[in-house]
file work07.cif (mmCIF, C-alpha atoms)
data_data
#
loop_
_atom_site.label_atom_id
_atom_site.label_comp_id
_atom_site.auth_asym_id
_atom_site.auth_seq_id
_atom_site.Cartn_x
_atom_site.Cartn_y
_atom_site.Cartn_z
CA MET J 25 13.11 -11.31 -26.33
CA SER J 26 11.26 -8.05 -25.59
CA GLN J 27 11.72 -6.34 -22.24
CA LYS J 28 9.07 -7.24 -19.65
CA THR J 29 6.96 -4.39 -18.29
CA VAL J 30 5.42 -3.74 -14.88
CA PHE J 31 3.10 -1.04 -13.55
CA ILE J 32 3.01 -0.46 -9.79
CA THR J 33 0.63 1.73 -7.80
CA GLY J 34 1.65 3.52 -4.61
CA CYS J 35 5.42 3.88 -5.04
CA SER J 36 6.15 6.75 -2.64
CA GLU J 37 9.66 6.66 -1.22
CA GLY J 38 10.22 4.33 1.72
CA GLY J 39 7.21 2.10 1.14
CA ILE J 40 6.51 -1.33 -0.28
CA GLY J 41 5.79 0.01 -3.77
CA ASP J 42 9.14 1.80 -3.82
CA ALA J 43 10.99 -1.40 -2.91
CA LEU J 44 9.02 -3.45 -5.45
CA ALA J 45 9.80 -0.94 -8.20
CA LYS J 46 13.52 -1.19 -7.47
CA SER J 47 13.40 -4.99 -7.30
CA PHE J 48 11.58 -5.37 -10.63
CA HIS J 49 14.03 -2.85 -12.14
CA LYS J 50 16.96 -4.99 -10.97
CA LYS J 51 15.38 -7.90 -12.84
CA GLY J 52 15.82 -5.89 -16.03
CA MET J 53 12.18 -4.95 -16.47
CA ARG J 54 10.77 -1.64 -17.59
CA VAL J 55 9.02 -0.29 -14.51
CA PHE J 56 6.24 2.28 -14.46
CA ALA J 57 6.17 3.54 -10.88
CA SER J 58 3.15 5.62 -9.92
CA ALA J 59 2.04 7.88 -7.09
CA ARG J 60 -0.51 10.64 -6.55
CA ASN J 61 2.38 13.05 -6.00
CA VAL J 62 5.15 12.42 -8.53
CA ALA J 63 7.60 14.35 -6.37
CA LYS J 64 7.55 11.32 -4.06
CA VAL J 65 8.83 9.06 -6.85
CA GLN J 66 11.40 11.43 -8.36
CA HIS J 67 14.20 9.30 -6.92
CA LEU J 68 12.97 6.39 -9.04
CA LYS J 69 13.05 8.53 -12.18
CA ASP J 70 16.65 9.37 -11.35
CA MET J 71 17.35 5.61 -11.33
CA GLY J 72 15.94 5.23 -14.85
CA LEU J 73 12.41 4.11 -14.06
CA ASP J 74 9.33 5.63 -15.71
CA ILE J 75 7.16 7.60 -13.31
CA VAL J 76 3.43 8.16 -13.73
CA ARG J 77 0.98 10.30 -11.77
CA LEU J 78 -1.93 8.18 -10.58
CA ASP J 79 -4.74 8.58 -8.08
CA VAL J 80 -6.40 5.16 -7.90
CA ALA J 81 -9.64 6.76 -6.69
CA ASP J 82 -9.86 9.04 -9.76
CA GLU J 83 -11.11 7.38 -12.95
CA GLU J 84 -9.73 10.12 -15.22
CA SER J 85 -6.31 9.76 -13.61
CA ILE J 86 -6.48 6.01 -14.21
CA ARG J 87 -7.39 6.49 -17.88
CA GLU J 88 -4.46 8.85 -18.37
CA ALA J 89 -2.07 6.37 -16.75
CA VAL J 90 -3.29 3.57 -19.00
CA GLU J 91 -2.81 5.70 -22.11
CA THR J 92 0.72 6.58 -20.99
CA VAL J 93 1.66 2.92 -20.56
CA LYS J 94 -0.14 1.85 -23.73
CA ALA J 95 1.76 4.40 -25.81
CA ALA J 96 5.08 3.34 -24.28
CA THR J 97 4.63 -0.43 -24.62
CA GLY J 98 2.56 -0.76 -27.75
CA GLY J 99 -0.48 -1.95 -25.82
CA THR J 100 0.87 -4.67 -23.53
CA LEU J 101 1.68 -5.04 -19.83
CA ASP J 102 3.27 -8.08 -18.21
CA PHE J 103 2.69 -7.27 -14.52
CA LEU J 104 0.20 -5.04 -12.73
CA VAL J 105 0.93 -4.54 -9.02
CA ASN J 106 -1.95 -3.09 -7.01
CA ASN J 107 -0.14 -1.77 -3.96
CA SER J 108 -1.75 1.59 -3.13
CA GLY J 109 -3.36 1.65 0.29
CA LEU J 110 -4.56 3.86 3.10
CA GLY J 111 -4.62 3.04 6.79
CA TYR J 112 -7.25 3.85 9.41
CA THR J 113 -6.61 2.89 13.02
CA ILE J 114 -9.38 3.58 15.52
CA PRO J 115 -11.74 1.45 17.62
CA MET J 116 -14.89 0.80 15.60
CA LEU J 117 -17.03 2.44 18.30
CA ASP J 118 -15.15 5.70 17.70
CA SER J 119 -14.79 5.43 13.93
CA ASP J 120 -15.94 7.85 11.25
CA VAL J 121 -17.60 5.83 8.50
CA SER J 122 -16.97 8.58 5.94
CA VAL J 123 -13.22 8.14 6.49
CA ALA J 124 -13.59 4.37 6.18
CA LYS J 125 -15.43 4.78 2.87
CA LYS J 126 -12.57 6.85 1.46
CA MET J 127 -10.15 4.15 2.55
CA PHE J 128 -12.24 1.48 0.80
CA ASP J 129 -12.25 3.62 -2.36
CA VAL J 130 -8.46 3.25 -2.44
CA ASN J 131 -7.82 -0.15 -0.85
CA VAL J 132 -10.64 -2.09 -2.49
CA PHE J 133 -12.39 -0.30 -5.34
CA GLY J 134 -9.09 1.17 -6.52
CA VAL J 135 -7.80 -2.36 -7.06
CA VAL J 136 -10.83 -3.20 -9.19
CA THR J 137 -10.94 0.00 -11.27
CA VAL J 138 -7.20 -0.01 -11.99
CA THR J 139 -7.33 -3.67 -13.00
CA GLN J 140 -10.36 -3.09 -15.23
CA ALA J 141 -8.55 -0.25 -16.97
CA PHE J 142 -5.33 -2.21 -17.55
CA ALA J 143 -7.12 -5.46 -18.47
CA PRO J 144 -6.71 -5.09 -22.27
CA LEU J 145 -2.94 -4.65 -21.85
CA LEU J 146 -2.69 -7.62 -19.48
CA ILE J 147 -4.76 -9.83 -21.77
CA ALA J 148 -2.59 -8.89 -24.74
CA SER J 149 0.50 -10.23 -22.96
CA LYS J 150 -1.13 -12.98 -20.83
CA GLY J 151 0.15 -10.99 -17.89
CA THR J 152 -0.02 -11.26 -14.12
CA ILE J 153 -1.96 -9.26 -11.53
CA ILE J 154 -0.27 -8.96 -8.14
CA ASN J 155 -2.48 -7.64 -5.35
CA ILE J 156 -0.75 -6.62 -2.14
CA GLY J 157 -2.93 -7.95 0.64
CA SER J 158 -2.20 -8.35 4.33
CA VAL J 159 -2.26 -10.98 7.04
CA VAL J 160 -4.70 -8.73 8.93
CA GLY J 161 -7.23 -9.61 6.26
CA LYS J 162 -7.24 -13.03 7.93
CA MET J 163 -7.72 -11.90 11.53
CA PRO J 164 -9.76 -9.42 13.63
CA LEU J 165 -6.75 -7.44 14.84
CA PRO J 166 -8.29 -4.78 17.13
CA TRP J 167 -8.29 -1.04 16.52
CA GLN J 168 -8.10 -1.29 12.72
CA GLY J 169 -11.24 -3.20 11.79
CA TYR J 170 -11.99 -1.28 8.60
CA TYR J 171 -8.45 -1.74 7.31
CA ASN J 172 -8.62 -5.46 8.11
CA ALA J 173 -11.93 -5.70 6.25
CA SER J 174 -10.50 -3.90 3.22
CA LYS J 175 -7.63 -6.38 3.03
CA ALA J 176 -10.02 -9.31 3.47
CA ALA J 177 -11.93 -7.95 0.48
CA VAL J 178 -8.72 -7.70 -1.55
CA GLY J 179 -8.03 -11.36 -0.81
CA LEU J 180 -11.36 -12.57 -2.14
CA ILE J 181 -11.27 -10.17 -5.08
CA THR J 182 -7.88 -11.59 -6.08
CA ASP J 183 -9.23 -15.14 -6.08
CA GLN J 184 -12.21 -13.90 -8.09
CA MET J 185 -9.89 -12.25 -10.63
CA ARG J 186 -7.77 -15.38 -10.98
CA ILE J 187 -10.79 -17.46 -11.97
CA GLU J 188 -12.52 -14.85 -14.11
CA PHE J 189 -9.34 -13.85 -16.00
CA SER J 190 -8.29 -17.45 -16.65
CA PRO J 191 -9.90 -17.70 -20.13
CA TRP J 192 -7.23 -15.25 -21.36
CA GLY J 193 -4.31 -16.81 -19.50
CA VAL J 194 -3.97 -13.90 -17.04
CA LYS J 195 -2.70 -14.92 -13.58
CA ALA J 196 -3.59 -13.28 -10.25
CA ILE J 197 -1.40 -13.50 -7.14
CA LEU J 198 -2.36 -12.48 -3.61
CA VAL J 199 0.49 -11.42 -1.32
CA ASN J 200 -0.49 -11.90 2.31
CA THR J 201 1.88 -9.33 3.76
CA GLY J 202 3.07 -9.54 7.35
CA ALA J 203 4.91 -6.86 9.33
CA ILE J 204 7.32 -4.92 7.11
CA ARG J 205 9.67 -2.07 8.04
CA THR J 206 8.33 0.89 6.04
CA LYS J 207 7.17 4.47 6.58
CA PHE J 208 3.50 3.40 6.60
CA PHE J 209 2.72 4.74 10.08
CA ASP J 210 5.03 7.73 9.62
CA ASN J 211 2.93 8.76 6.62
CA LEU J 212 -0.36 8.88 8.52
CA PRO J 213 -1.77 12.44 8.24
CA ASN J 214 -2.17 12.72 12.02
CA THR J 215 -1.05 10.79 15.07
CA PRO J 216 -4.06 8.62 15.95
CA VAL J 217 -5.64 9.47 19.30
CA LEU J 218 -8.80 8.41 21.09
CA PRO J 219 -11.55 11.04 21.34
CA GLU J 220 -12.14 12.17 24.92
CA GLY J 221 -15.64 10.72 24.88
CA SER J 222 -14.40 7.26 23.92
CA LEU J 223 -15.48 4.38 26.13
CA TYR J 224 -11.87 3.19 25.77
CA TYR J 225 -10.41 6.48 27.04
CA PRO J 226 -9.42 5.10 30.48
CA ALA J 227 -7.03 2.76 28.64
CA LYS J 228 -5.67 5.38 26.24
CA ASP J 229 -2.10 4.87 27.46
CA VAL J 230 -2.27 1.27 26.22
CA ILE J 231 -4.37 1.74 23.08
CA GLU J 232 -2.96 4.93 21.55
CA PRO J 233 0.58 3.58 21.05
CA ALA J 234 -0.98 0.60 19.25
CA LEU J 235 -2.96 2.97 17.01
CA ALA J 236 0.32 4.61 16.00
CA GLY J 237 1.98 1.29 15.16
CA ALA J 238 3.99 0.67 18.32
CA GLY J 239 5.54 -2.77 18.31
CA VAL J 240 4.88 -3.41 14.61
CA GLU J 241 8.57 -3.32 13.70
CA LYS J 242 9.57 -5.66 16.52
CA ASN J 243 9.37 -8.72 14.27
CA ALA J 244 9.14 -6.85 10.97
CA MET J 245 10.89 -7.93 7.78
CA ASP J 246 13.21 -5.66 5.83
CA VAL J 247 11.21 -4.10 3.00
CA ASN J 248 13.84 -4.89 0.36
CA SER J 249 13.94 -8.57 1.35
CA TYR J 250 10.15 -8.59 1.17
CA ALA J 251 10.18 -7.05 -2.31
CA GLU J 252 12.73 -9.57 -3.53
CA ALA J 253 10.53 -12.45 -2.31
CA VAL J 254 7.47 -11.01 -4.07
CA VAL J 255 9.31 -10.43 -7.34
CA ASN J 256 11.02 -13.83 -7.30
CA ASN J 257 7.65 -15.51 -6.86
CA ALA J 258 6.00 -13.43 -9.58
CA THR J 259 8.68 -14.27 -12.13
CA ARG J 260 8.58 -18.04 -11.57
CA SER J 261 7.02 -20.19 -14.28
CA SER J 262 4.46 -21.41 -11.73
CA PRO J 263 4.16 -18.73 -9.04
CA LYS J 264 2.41 -19.34 -5.74
CA LYS J 265 -1.14 -18.04 -5.99
CA HIS J 266 -1.10 -17.05 -2.32
CA LEU J 267 2.29 -15.83 -1.09
CA TRP J 268 2.77 -15.38 2.65
CA VAL J 269 5.74 -13.15 3.49
CA GLY J 270 6.70 -10.77 6.30
CA GLY J 271 6.76 -10.76 10.09
CA GLY J 272 4.02 -12.95 11.55
CA ALA J 273 2.99 -14.32 8.15
CA LEU J 274 3.92 -17.92 8.97
CA LEU J 275 2.05 -17.82 12.30
CA THR J 276 -1.02 -16.38 10.58
CA TRP J 277 -0.90 -19.05 7.89
CA LEU J 278 -0.63 -21.80 10.51
CA ALA J 279 -3.51 -20.38 12.57
CA THR J 280 -5.83 -19.88 9.61
CA THR J 281 -4.93 -23.19 7.95
CA PHE J 282 -4.94 -25.54 10.94
CA GLY J 283 -6.81 -23.59 13.62
CA TRP J 284 -10.53 -23.38 14.27
CA SER J 285 -12.57 -20.44 12.93
CA THR J 286 -12.47 -18.41 16.17
CA ILE J 287 -8.87 -19.16 17.15
CA TRP J 288 -8.07 -15.44 17.17
CA ASP J 289 -10.38 -15.00 20.17
CA LEU J 290 -7.74 -16.98 22.05
CA LEU J 291 -4.59 -15.58 20.45
CA LEU J 292 -5.25 -11.84 20.16
CA PRO J 293 -6.25 -10.74 23.72
CA ARG J 294 -2.73 -11.28 25.11
CA PHE J 295 -1.15 -9.79 22.00
CA ILE J 296 -3.04 -6.48 22.46
CA ASN J 297 -2.92 -6.55 26.28
CA LEU J 298 -6.71 -6.83 26.49
CA PRO J 299 -6.79 -7.86 30.20
CA THR J 300 -5.03 -4.61 31.16
CA ILE J 301 -7.36 -2.60 28.94
CA THR J 302 -10.40 -4.27 30.49
CA ASN J 303 -9.13 -3.65 34.04
CA LYS J 304 -8.50 0.04 33.34
CA ILE J 305 -11.99 0.48 31.90
CA ARG J 306 -13.65 -1.37 34.78
CA THR J 307 -11.67 0.64 37.35
CA ALA J 308 -12.70 3.91 35.72
CA GLU J 309 -16.33 2.78 35.64
CA LYS J 310 -16.20 1.92 39.34
CA VAL J 311 -14.66 5.28 40.23
CA GLU J 312 -17.40 7.04 38.30
CA GLN J 313 -20.07 4.90 39.93
CA ASP J 314 -18.67 5.65 43.41
CA ARG J 315 -18.56 9.35 42.58
CA ARG J 316 -22.20 9.33 41.56
CA MET J 317 -23.19 7.38 44.65
CA GLY J 318 -21.33 9.93 46.78
CA ASN J 319 -23.17 12.79 45.13
CA VAL J 320 -26.50 11.05 45.76
CA SER J 321 -25.74 10.43 49.46
CA ASN J 322 -24.72 14.05 49.92
#
call {"tool": "encode", "arguments": {"input": "work07.cif", "output": "structure tokens"}}
result
Amino acid sequence: MSQKTVFITGCSEGGIGDALAKSFHKKGMRVFASARNVAKVQHLKDMGLDIVRLDVADEESIREAVETVKAATGGTLDFLVNNSGLGYTIPMLDSDVSVAKKMFDVNVFGVVTVTQAFAPLLIASKGTIINIGSVVGKMPLPWQGYYNASKAAVGLITDQMRIEFSPWGVKAILVNTGAIRTKFFDNLPNTPVLPEGSLYYPAKDVIEPALAGAGVEKNAMDVNSYAEAVVNNATRSSPKKHLWVGGGALLTWLATTFGWSTIWDLLLPRFINLPTITNKIRTAEKVEQDRRMGNVSN
């Protein structure tokens, strides 16, 4: 039997893609691990994996990656893992839409364009698409609304792919990823901070740590255990179409499956310490109001 093949986007060291590449490799598959900067996947090459340069927001880069894999496999691909992703944590009132658009180019449209490009190879082998989604695509977790929306889009796109690819026997799996111990927040280009003019600024001491990922690893799952769960599901004869795995994944599944549509309005305020944030903002507003009243009376 010929060796199974897998192509994974976003495999920089220390992340989910890195762990997935290693886990598929342990299964005896030929793994094509990609990243925008191949220096960040050199360790995988040293382990015997194929490395490919890929920018999922660059169509020419995608075409070159497809040609590389096509030449190596004879025109087939058993698994395509769309893992590449960017984060953007900021209150929506303070957000820069141009930054959000760039994130969507990677998180959402990158999934579509990469899948379109690899479709002939997947169809040739009746392969499987694995899209790495997130539990935050199921909830309005504050301070990262655009990221949540991008993952919600990935969820629906995956279901769309599963139906539309079915005439050729191609499967599509959505992984609803919970909290995982990775270098995701460490790899942010800058430490997220509130702009001084933000209406949330009086509560910056509460909000800014959340922007930088504080508390995420408290109930996070080991990234290698996560990767093993994803790969084991993908290689089953009848894989779960929606896989929930990672810290908080079970709770999110329960809430979205059995809860009412606005259940997060009840669950999230305590989780993000919203009462404290509200009190700090109100106190600051009162101080400012008193100051203005004092100036008027003088």
call {"tool": "residues_around", "arguments": {"input": "work07.cif", "residues": "segment 274-291 of chain J", "least_positions_apart": "6", "cutoff": "8 Å", "atoms": "all atoms listed in the file", "output": "list of chain:residue names"}}
result
J:Val159, J:Lys162, J:Met163, J:Pro164, J:Trp268
call {"tool": "atom_distance", "arguments": {"input": "work07.cif", "atom1": "atom CA of Gly39 of chain J", "atom2": "atom CA of Thr206 of chain J"}}
result
5.2 Å
call {"tool": "residues_around", "arguments": {"input": "work07.cif", "residues": "segment 176-191 of chain J", "least_positions_apart": "4", "cutoff": "8 Å", "atoms": "all atoms listed in the file", "output": "list in words"}}
result
Asn131, Val132, Val135, Asn155, Gly157, Ser158, Val160, Gly161, Lys162, Asn172, Lys195, Ala196, Ile197 and Leu198 of chain J
call {"tool": "atom_distance", "arguments": {"input": "work07.cif", "atom1": "atom CA of Asn106 of chain J", "atom2": "atom CA of Val138 of chain J"}}
result
7.9 Å
call {"tool": "atom_distance", "arguments": {"input": "work07.cif", "atom1": "atom CA of Tyr250 of chain J", "atom2": "atom CA of Val269 of chain J"}}
result
6.8 Å
call {"tool": "closest_residue", "arguments": {"input": "work07.cif", "among": "J:Ala251, J:Val55, J:Ala63, J:Ile154", "to": "Val199 of chain J", "atoms": "all atoms listed in the file"}}
result
J:Ile154
call {"tool": "residues_around", "arguments": {"input": "work07.cif", "residues": "Gly34 of chain J", "least_positions_apart": "2", "cutoff": "9 Å", "atoms": "all atoms listed in the file", "output": "list in words"}}
result
Ile32, Ser36, Gly39, Ile40, Gly41, Asp42, Ala57, Ser58, Ala59, Arg60, Leu78, Asp79, Val80, Asn106, Asn107, Ser108 and Gly109 of chain J
call {"tool": "closest_residue", "arguments": {"input": "work07.cif", "among": "J:Leu218, J:Ala227, J:Ala203, J:Leu298", "to": "Ser119 of chain J", "atoms": "all atoms listed in the file"}}
result
J:Leu218
call {"tool": "residues_around", "arguments": {"input": "work07.cif", "residues": "Asn257 of chain J", "least_positions_apart": "4", "cutoff": "10 Å", "atoms": "all atoms listed in the file", "output": "number ranges by chain"}}
result
J: 197, 199, 251-253, 261-267
call {"tool": "closest_residue", "arguments": {"input": "work07.cif", "among": "J:Met53, J:Pro226, J:Gly271, J:Met245", "to": "Ala308 of chain J", "atoms": "only C-alpha atoms"}}
result
J:Pro226
call {"tool": "closest_residue", "arguments": {"input": "work07.cif", "among": "J:Ala234, J:Val247, J:Ile301, J:Val240", "to": "Gly38 of chain J", "atoms": "all atoms listed in the file"}}
result
J:Val247
call {"tool": "axis_aligned_box", "arguments": {"input": "work07.cif", "around": "segment 53-66 of chain J", "padding_each_side": "6 Å", "output": "JSON"}}
result
{"center_x": 5.8, "center_y": 4.7, "center_z": -10.8, "size_x": 24.7, "size_y": 31.3, "size_z": 25.5}
call {"tool": "residues_around", "arguments": {"input": "work07.cif", "residues": "Thr300 of chain J", "least_positions_apart": "6", "cutoff": "10 Å", "atoms": "only C-alpha atoms", "output": "ChimeraX atom specification"}}
result
/J:227,230,293-294,306
call {"tool": "resolve_selection", "arguments": {"input": "work07.cif", "expression": "the PyMOL selection byres ((chain J and resi 139) around 10)", "output": "ChimeraX atom specification"}}
result
/J:86,104-106,133-138,140-146,153,155,185
